[in-house]
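A quick write-up on the structure given underneath.
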Amino acid sequence: MNGETQQFDGTFTVDVEDYFQVSAFSSVISPGDWGQYDCRVEQNTRRVLDVAAECGTRGTFFVLGWVAKHYPGLVSEIQDAGHEIGGHSHWHQLVYELGPDRFRSDLQESRDTLEQIIGKPVTLYRSPSFSITEKSLWALDILIEEGFDTDSSIYPVHHDRYGIPDAPTMPHIIKTAAGAIREFRRMVYQFGRTKLPVGGAAT
Ligand SMILES: [Zn+2]
C-alpha cells in the first residue's frame, strides 16, 4: 500500500446512518422522504465517539453519503477524533439491485462528498447490508477503478439477503481483472461447519 492509502483499523467499525435508512425499512420509507424524519445519527454517533475516547480506541466509520452531505460537521468530528472514514454508498441501495452503472455513480457521489469534507482520498468501503455477493462481484472491479483499496462488504455466512458462505473468514486480498483489493470481513464465530455472525446486524 502506498502512502496515499488509509489504514484499516479493525478495532471496531461503525456504519454511520440513521434508523430510517436501513435496508429493513427500504420497502416502507423512500429515500426521497428521508428529510422528513427526525435525525438521530448525530447524537448517536457522538455517543460512540465518547465511548471510544473513554476506552482510548480508534476505529473505522463507514459514513453514508447522504449523512455526510447533511451533517458534514459530524464527519469532521469523527476525523478529528482520530478515526478512519470509509464510504457506505450515498443512498443505501443494495449493490446487486443497482447494477454496475448505478452502483458506480452512487459510489462516486458518496466518495466525492466525503473527500470534500476530509480533504484526502477515501479508499475504504462497506456496501449497504453486505450486498456484495456472488451475483454482484463486479462491484469489486468498480471499487478498484474508483480508487478504493479496502473493502468490508462480503460476509462469509448464509443469509437470505447477503453473504458468501465459502468466503474466507480472515482478511485477504482479492484479485480481479481491474487489480487487487483487501477484504476485511465482519466477525464470525465458527461452530463446527457453521459460521455465526458476531458483532451486530447488517445495516
Ligand atoms: Zn448501512
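Labels used: A, B, ... for chains in the order of the C-alpha cells, numbers from 1 for residues in each chain, and numbers from 1 for ligands as shown.
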
Give me the residues within 7 Å of A:Glu84 as a ChimeraX atom specification, counting only C-alpha atoms and dropping any in the same chain fewer than 6 places off. /A:59-61

Produce a table with one row for each residue of chain A that has an atom at most 9 Å from any atom of ligand 1, each row naming the nearest atom pair and its distance in Å at one decimal; use only C-alpha atoms and all ligand atoms; arrange rows by chain and rising residue number; format as a Markdown table.
| residue | atom | partner | partner_atom_place_in_ligand_line | distance |
| --- | --- | --- | --- | --- |
| A:Asp15 | CA | ligand 1 | 1 (Zn) | 5.6 |
| A:Val16 | CA | ligand 1 | 1 (Zn) | 7.2 |
| A:Glu17 | CA | ligand 1 | 1 (Zn) | 6.2 |
| A:Asp18 | CA | ligand 1 | 1 (Zn) | 8.6 |
| A:Gln21 | CA | ligand 1 | 1 (Zn) | 7.4 |
| A:Val22 | CA | ligand 1 | 1 (Zn) | 5.6 |
| A:Ser23 | CA | ligand 1 | 1 (Zn) | 7.3 |
| A:Phe62 | CA | ligand 1 | 1 (Zn) | 8.3 |
| A:Val63 | CA | ligand 1 | 1 (Zn) | 8.5 |
| A:Leu64 | CA | ligand 1 | 1 (Zn) | 7.3 |
| A:His88 | CA | ligand 1 | 1 (Zn) | 6.6 |
| A:Ser89 | CA | ligand 1 | 1 (Zn) | 8.4 |
| A:His92 | CA | ligand 1 | 1 (Zn) | 6.3 |
| A:Arg126 | CA | ligand 1 | 1 (Zn) | 8.3 |
| A:Ser127 | CA | ligand 1 | 1 (Zn) | 7.2 |
| A:Pro128 | CA | ligand 1 | 1 (Zn) | 4.5 |
| A:Ser129 | CA | ligand 1 | 1 (Zn) | 5.7 |
| A:Phe130 | CA | ligand 1 | 1 (Zn) | 8.4 |
| A:Ala202 | CA | ligand 1 | 1 (Zn) | 7.0 |
| A:Thr203 | CA | ligand 1 | 1 (Zn) | 3.8 |

Just-selected residues, N, CA and C atoms written as a compact mmCIF listing (two decimals), in the first residue's frame:
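Result written to out.txt:
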# COMPACT_ATOMS: atom_id res chain seq x y z
N ASP A 15 -21.25 1.71 11.03
CA ASP A 15 -21.91 2.27 9.86
C ASP A 15 -22.69 3.50 10.31
N VAL A 16 -22.33 4.65 9.76
CA VAL A 16 -22.95 5.91 10.19
C VAL A 16 -24.14 6.21 9.29
N GLU A 17 -25.32 5.92 9.82
CA GLU A 17 -26.57 6.07 9.07
C GLU A 17 -27.69 6.22 10.09
N ASP A 18 -28.86 6.64 9.64
CA ASP A 18 -29.95 6.80 10.59
C ASP A 18 -30.89 5.61 10.53
N GLN A 21 -32.91 4.74 7.42
CA GLN A 21 -32.17 4.49 6.18
C GLN A 21 -31.75 3.04 5.99
N VAL A 22 -31.99 2.20 7.00
CA VAL A 22 -31.53 0.82 6.91
C VAL A 22 -32.38 0.03 5.92
N SER A 23 -31.80 -1.05 5.41
CA SER A 23 -32.48 -1.83 4.37
C SER A 23 -33.80 -2.41 4.85
N PHE A 62 -17.86 3.92 8.59
CA PHE A 62 -18.34 3.90 7.21
C PHE A 62 -19.57 4.81 7.13
N VAL A 63 -19.38 5.97 6.50
CA VAL A 63 -20.39 7.03 6.56
C VAL A 63 -21.24 7.04 5.28
N LEU A 64 -22.56 7.02 5.46
CA LEU A 64 -23.46 7.15 4.33
C LEU A 64 -23.29 8.55 3.71
N HIS A 88 -20.00 4.32 2.56
CA HIS A 88 -21.07 3.33 2.78
C HIS A 88 -22.18 3.57 1.77
N SER A 89 -21.81 4.02 0.55
CA SER A 89 -22.74 4.40 -0.52
C SER A 89 -23.39 5.74 -0.20
N HIS A 92 -27.80 4.15 0.15
CA HIS A 92 -28.06 2.89 0.87
C HIS A 92 -28.92 1.92 0.07
N ARG A 126 -17.66 -0.05 2.62
CA ARG A 126 -18.55 -1.15 3.04
C ARG A 126 -19.90 -0.93 2.36
N SER A 127 -20.40 -1.96 1.71
CA SER A 127 -21.68 -1.84 0.99
C SER A 127 -22.85 -1.88 1.97
N PRO A 128 -23.98 -1.30 1.59
CA PRO A 128 -25.18 -1.42 2.41
C PRO A 128 -25.57 -2.89 2.56
N SER A 129 -25.81 -3.29 3.79
CA SER A 129 -26.28 -4.64 4.09
C SER A 129 -25.43 -5.74 3.45
N PHE A 130 -24.12 -5.51 3.38
CA PHE A 130 -23.19 -6.53 2.86
C PHE A 130 -23.66 -7.09 1.52
N ALA A 202 -26.50 -6.70 9.99
CA ALA A 202 -26.18 -5.95 8.78
C ALA A 202 -27.06 -4.72 8.70
N THR A 203 -26.49 -3.61 8.32
CA THR A 203 -27.25 -2.37 8.27
C THR A 203 -27.06 -1.66 6.97

If we count only C-alpha atoms and set the cut-off at 12 Å, which residues sit around A:Arg102, ignoring sequence neighbours fewer than 4 positions away in its own chain? Please answer as a PyMOL selection string. chain A and resi 89-98+106-109+139+142

Would you output that residue set with N, CA and C atoms, as a compact mmCIF listing (two decimals), in the first residue's frame?
# COMPACT_ATOMS: atom_id res chain seq x y z
N SER A 89 -21.81 4.02 0.55
CA SER A 89 -22.74 4.40 -0.52
C SER A 89 -23.39 5.74 -0.20
N HIS A 90 -24.14 6.27 -1.13
CA HIS A 90 -24.83 7.54 -0.88
C HIS A 90 -26.29 7.32 -0.47
N TRP A 91 -26.96 6.42 -1.17
CA TRP A 91 -28.40 6.24 -0.96
C TRP A 91 -28.77 4.91 -0.31
N HIS A 92 -27.80 4.15 0.15
CA HIS A 92 -28.06 2.89 0.87
C HIS A 92 -28.92 1.92 0.07
N GLN A 93 -28.60 1.78 -1.20
CA GLN A 93 -29.29 0.81 -2.06
C GLN A 93 -28.46 -0.47 -2.14
N LEU A 94 -29.12 -1.61 -2.22
CA LEU A 94 -28.41 -2.89 -2.30
C LEU A 94 -27.63 -2.97 -3.62
N VAL A 95 -26.37 -3.35 -3.55
CA VAL A 95 -25.49 -3.33 -4.72
C VAL A 95 -26.05 -4.21 -5.83
N TYR A 96 -26.52 -5.42 -5.46
CA TYR A 96 -26.98 -6.35 -6.51
C TYR A 96 -28.30 -5.92 -7.13
N GLU A 97 -28.96 -4.95 -6.54
CA GLU A 97 -30.17 -4.40 -7.16
C GLU A 97 -29.86 -3.18 -8.02
N LEU A 98 -28.76 -2.51 -7.75
CA LEU A 98 -28.39 -1.30 -8.50
C LEU A 98 -27.89 -1.63 -9.90
N ASP A 106 -23.48 6.10 -7.72
CA ASP A 106 -23.76 6.26 -6.29
C ASP A 106 -22.47 6.28 -5.48
N LEU A 107 -21.54 5.38 -5.86
CA LEU A 107 -20.24 5.31 -5.18
C LEU A 107 -19.47 6.62 -5.36
N GLN A 108 -19.47 7.15 -6.57
CA GLN A 108 -18.76 8.40 -6.84
C GLN A 108 -19.34 9.55 -6.04
N GLU A 109 -20.68 9.60 -5.97
CA GLU A 109 -21.32 10.70 -5.24
C GLU A 109 -20.94 10.68 -3.77
N ALA A 139 -18.81 -5.50 -8.57
CA ALA A 139 -18.63 -4.27 -7.79
C ALA A 139 -17.18 -4.10 -7.33
N ILE A 142 -15.25 -2.24 -9.91
CA ILE A 142 -15.60 -0.81 -9.91
C ILE A 142 -14.97 -0.09 -8.71

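Atom to atom, atom CA of A:Tyr125 and atom CA of A:Ile29 stand 24.2 Å apart.
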
Neighbour list for stretch 75-82 of chain A as a PDB file with C-alpha atoms, in the first residue's frame, cut-off 12 Å, only C-alpha atoms, skip fewer than 4 positions in-chain:
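Ended up saving to result-v7.pdb:
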ATOM      1  CA  GLN A   7      -5.085   2.390   7.379  1.00  0.00           C
ATOM      2  CA  ASP A   9      -8.184  -0.157  11.980  1.00  0.00           C
ATOM      3  CA  VAL A  14     -19.450   1.574  12.657  1.00  0.00           C
ATOM      4  CA  VAL A  16     -22.950   5.911  10.194  1.00  0.00           C
ATOM      5  CA  GLU A  17     -26.574   6.073   9.072  1.00  0.00           C
ATOM      6  CA  VAL A  41     -27.412   9.979  13.732  1.00  0.00           C
ATOM      7  CA  GLU A  42     -25.555  12.986  15.151  1.00  0.00           C
ATOM      8  CA  GLN A  43     -26.255  12.322  18.814  1.00  0.00           C
ATOM      9  CA  THR A  45     -22.524   8.868  16.643  1.00  0.00           C
ATOM     10  CA  ARG A  46     -21.266  11.293  19.265  1.00  0.00           C
ATOM     11  CA  ARG A  47     -22.068   8.710  21.925  1.00  0.00           C
ATOM     12  CA  VAL A  48     -19.909   6.210  20.057  1.00  0.00           C
ATOM     13  CA  LEU A  49     -17.146   8.811  19.800  1.00  0.00           C
ATOM     14  CA  ASP A  50     -17.363   9.450  23.552  1.00  0.00           C
ATOM     15  CA  VAL A  51     -17.160   5.749  24.401  1.00  0.00           C
ATOM     16  CA  ALA A  52     -14.239   5.265  22.023  1.00  0.00           C
ATOM     17  CA  ALA A  53     -12.439   8.189  23.634  1.00  0.00           C
ATOM     18  CA  GLU A  54     -13.055   6.765  27.112  1.00  0.00           C
ATOM     19  CA  GLY A  56      -8.764   5.013  24.136  1.00  0.00           C
ATOM     20  CA  THR A  57      -9.562   3.089  20.983  1.00  0.00           C
ATOM     21  CA  ARG A  58      -9.904   4.072  17.351  1.00  0.00           C
ATOM     22  CA  GLY A  59     -11.971   2.508  14.628  1.00  0.00           C
ATOM     23  CA  THR A  60     -13.357   2.886  11.142  1.00  0.00           C
ATOM     24  CA  PHE A  61     -16.590   4.761  10.485  1.00  0.00           C
ATOM     25  CA  PHE A  62     -18.338   3.902   7.205  1.00  0.00           C
ATOM     26  CA  VAL A  63     -20.394   7.027   6.559  1.00  0.00           C
ATOM     27  CA  LEU A  64     -23.460   7.152   4.329  1.00  0.00           C
ATOM     28  CA  GLY A  65     -23.006   9.873   1.706  1.00  0.00           C
ATOM     29  CA  TRP A  66     -26.462  11.333   2.474  1.00  0.00           C
ATOM     30  CA  VAL A  67     -25.468  11.717   6.118  1.00  0.00           C
ATOM     31  CA  ALA A  68     -22.156  13.323   5.168  1.00  0.00           C
ATOM     32  CA  LYS A  69     -23.895  15.774   2.864  1.00  0.00           C
ATOM     33  CA  HIS A  70     -26.387  16.832   5.547  1.00  0.00           C
ATOM     34  CA  TYR A  71     -24.023  16.677   8.532  1.00  0.00           C
ATOM     35  CA  GLY A  86     -14.883   4.960   4.841  1.00  0.00           C
ATOM     36  CA  GLY A  87     -17.721   5.090   2.317  1.00  0.00           C
ATOM     37  CA  THR A 113     -18.922  14.163  -0.754  1.00  0.00           C
ATOM     38  CA  LEU A 114     -16.662  12.598   1.871  1.00  0.00           C
ATOM     39  CA  GLU A 115     -13.431  13.688   0.199  1.00  0.00           C
ATOM     40  CA  GLN A 116     -14.574  17.304   0.061  1.00  0.00           C
ATOM     41  CA  ILE A 117     -15.081  17.190   3.832  1.00  0.00           C
ATOM     42  CA  ILE A 118     -11.997  15.285   4.990  1.00  0.00           C
ATOM     43  CA  GLY A 119      -9.606  16.632   2.370  1.00  0.00           C
ATOM     44  CA  LYS A 120      -7.987  13.331   1.440  1.00  0.00           C
ATOM     45  CA  VAL A 122     -11.422   7.831   0.678  1.00  0.00           C
TER      46      VAL A 122
END

List every residue of stretch 6-59 of chain A that DSSP, applied to the backbone of this structure, places in strand (DSSP E or B), and write the result as a list in words. Thr13, Val14, Asp15 and Val16 of chain A

Take the residues that were just selected and, keeping N, CA and C atoms, output them as a PDB file, in the first residue's frame.
ATOM      1  N   THR A  13     -15.769  -1.195  13.954  1.00  0.00           N
ATOM      2  CA  THR A  13     -16.281  -0.477  12.790  1.00  0.00           C
ATOM      3  C   THR A  13     -17.727  -0.077  13.055  1.00  0.00           C
ATOM      4  N   VAL A  14     -18.099   1.035  12.475  1.00  0.00           N
ATOM      5  CA  VAL A  14     -19.450   1.574  12.657  1.00  0.00           C
ATOM      6  C   VAL A  14     -19.981   2.009  11.295  1.00  0.00           C
ATOM      7  N   ASP A  15     -21.251   1.706  11.030  1.00  0.00           N
ATOM      8  CA  ASP A  15     -21.915   2.270   9.860  1.00  0.00           C
ATOM      9  C   ASP A  15     -22.685   3.499  10.314  1.00  0.00           C
ATOM     10  N   VAL A  16     -22.330   4.652   9.756  1.00  0.00           N
ATOM     11  CA  VAL A  16     -22.950   5.911  10.194  1.00  0.00           C
ATOM     12  C   VAL A  16     -24.142   6.209   9.289  1.00  0.00           C
TER      13      VAL A  16
END

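Remark: for A:His83, the closest of the candidate residues A:Tyr155, A:Tyr37, A:Tyr19, A:Phe12 is A:Phe12 (distances computed over only C-alpha atoms).
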
Tell me which of A:Arg40, A:Gly147, A:Pro31, A:Ser26 sits closest to A:Ala178, counting only C-alpha atoms. A:Gly147

Based on the backbone DSSP call, show me all residues of stretch 92-162 of chain A assigned helix (DSSP H, G or I), as an NGL selection string. :A and (95-98 or 100-118 or 128-130 or 134-136 or 138-145)
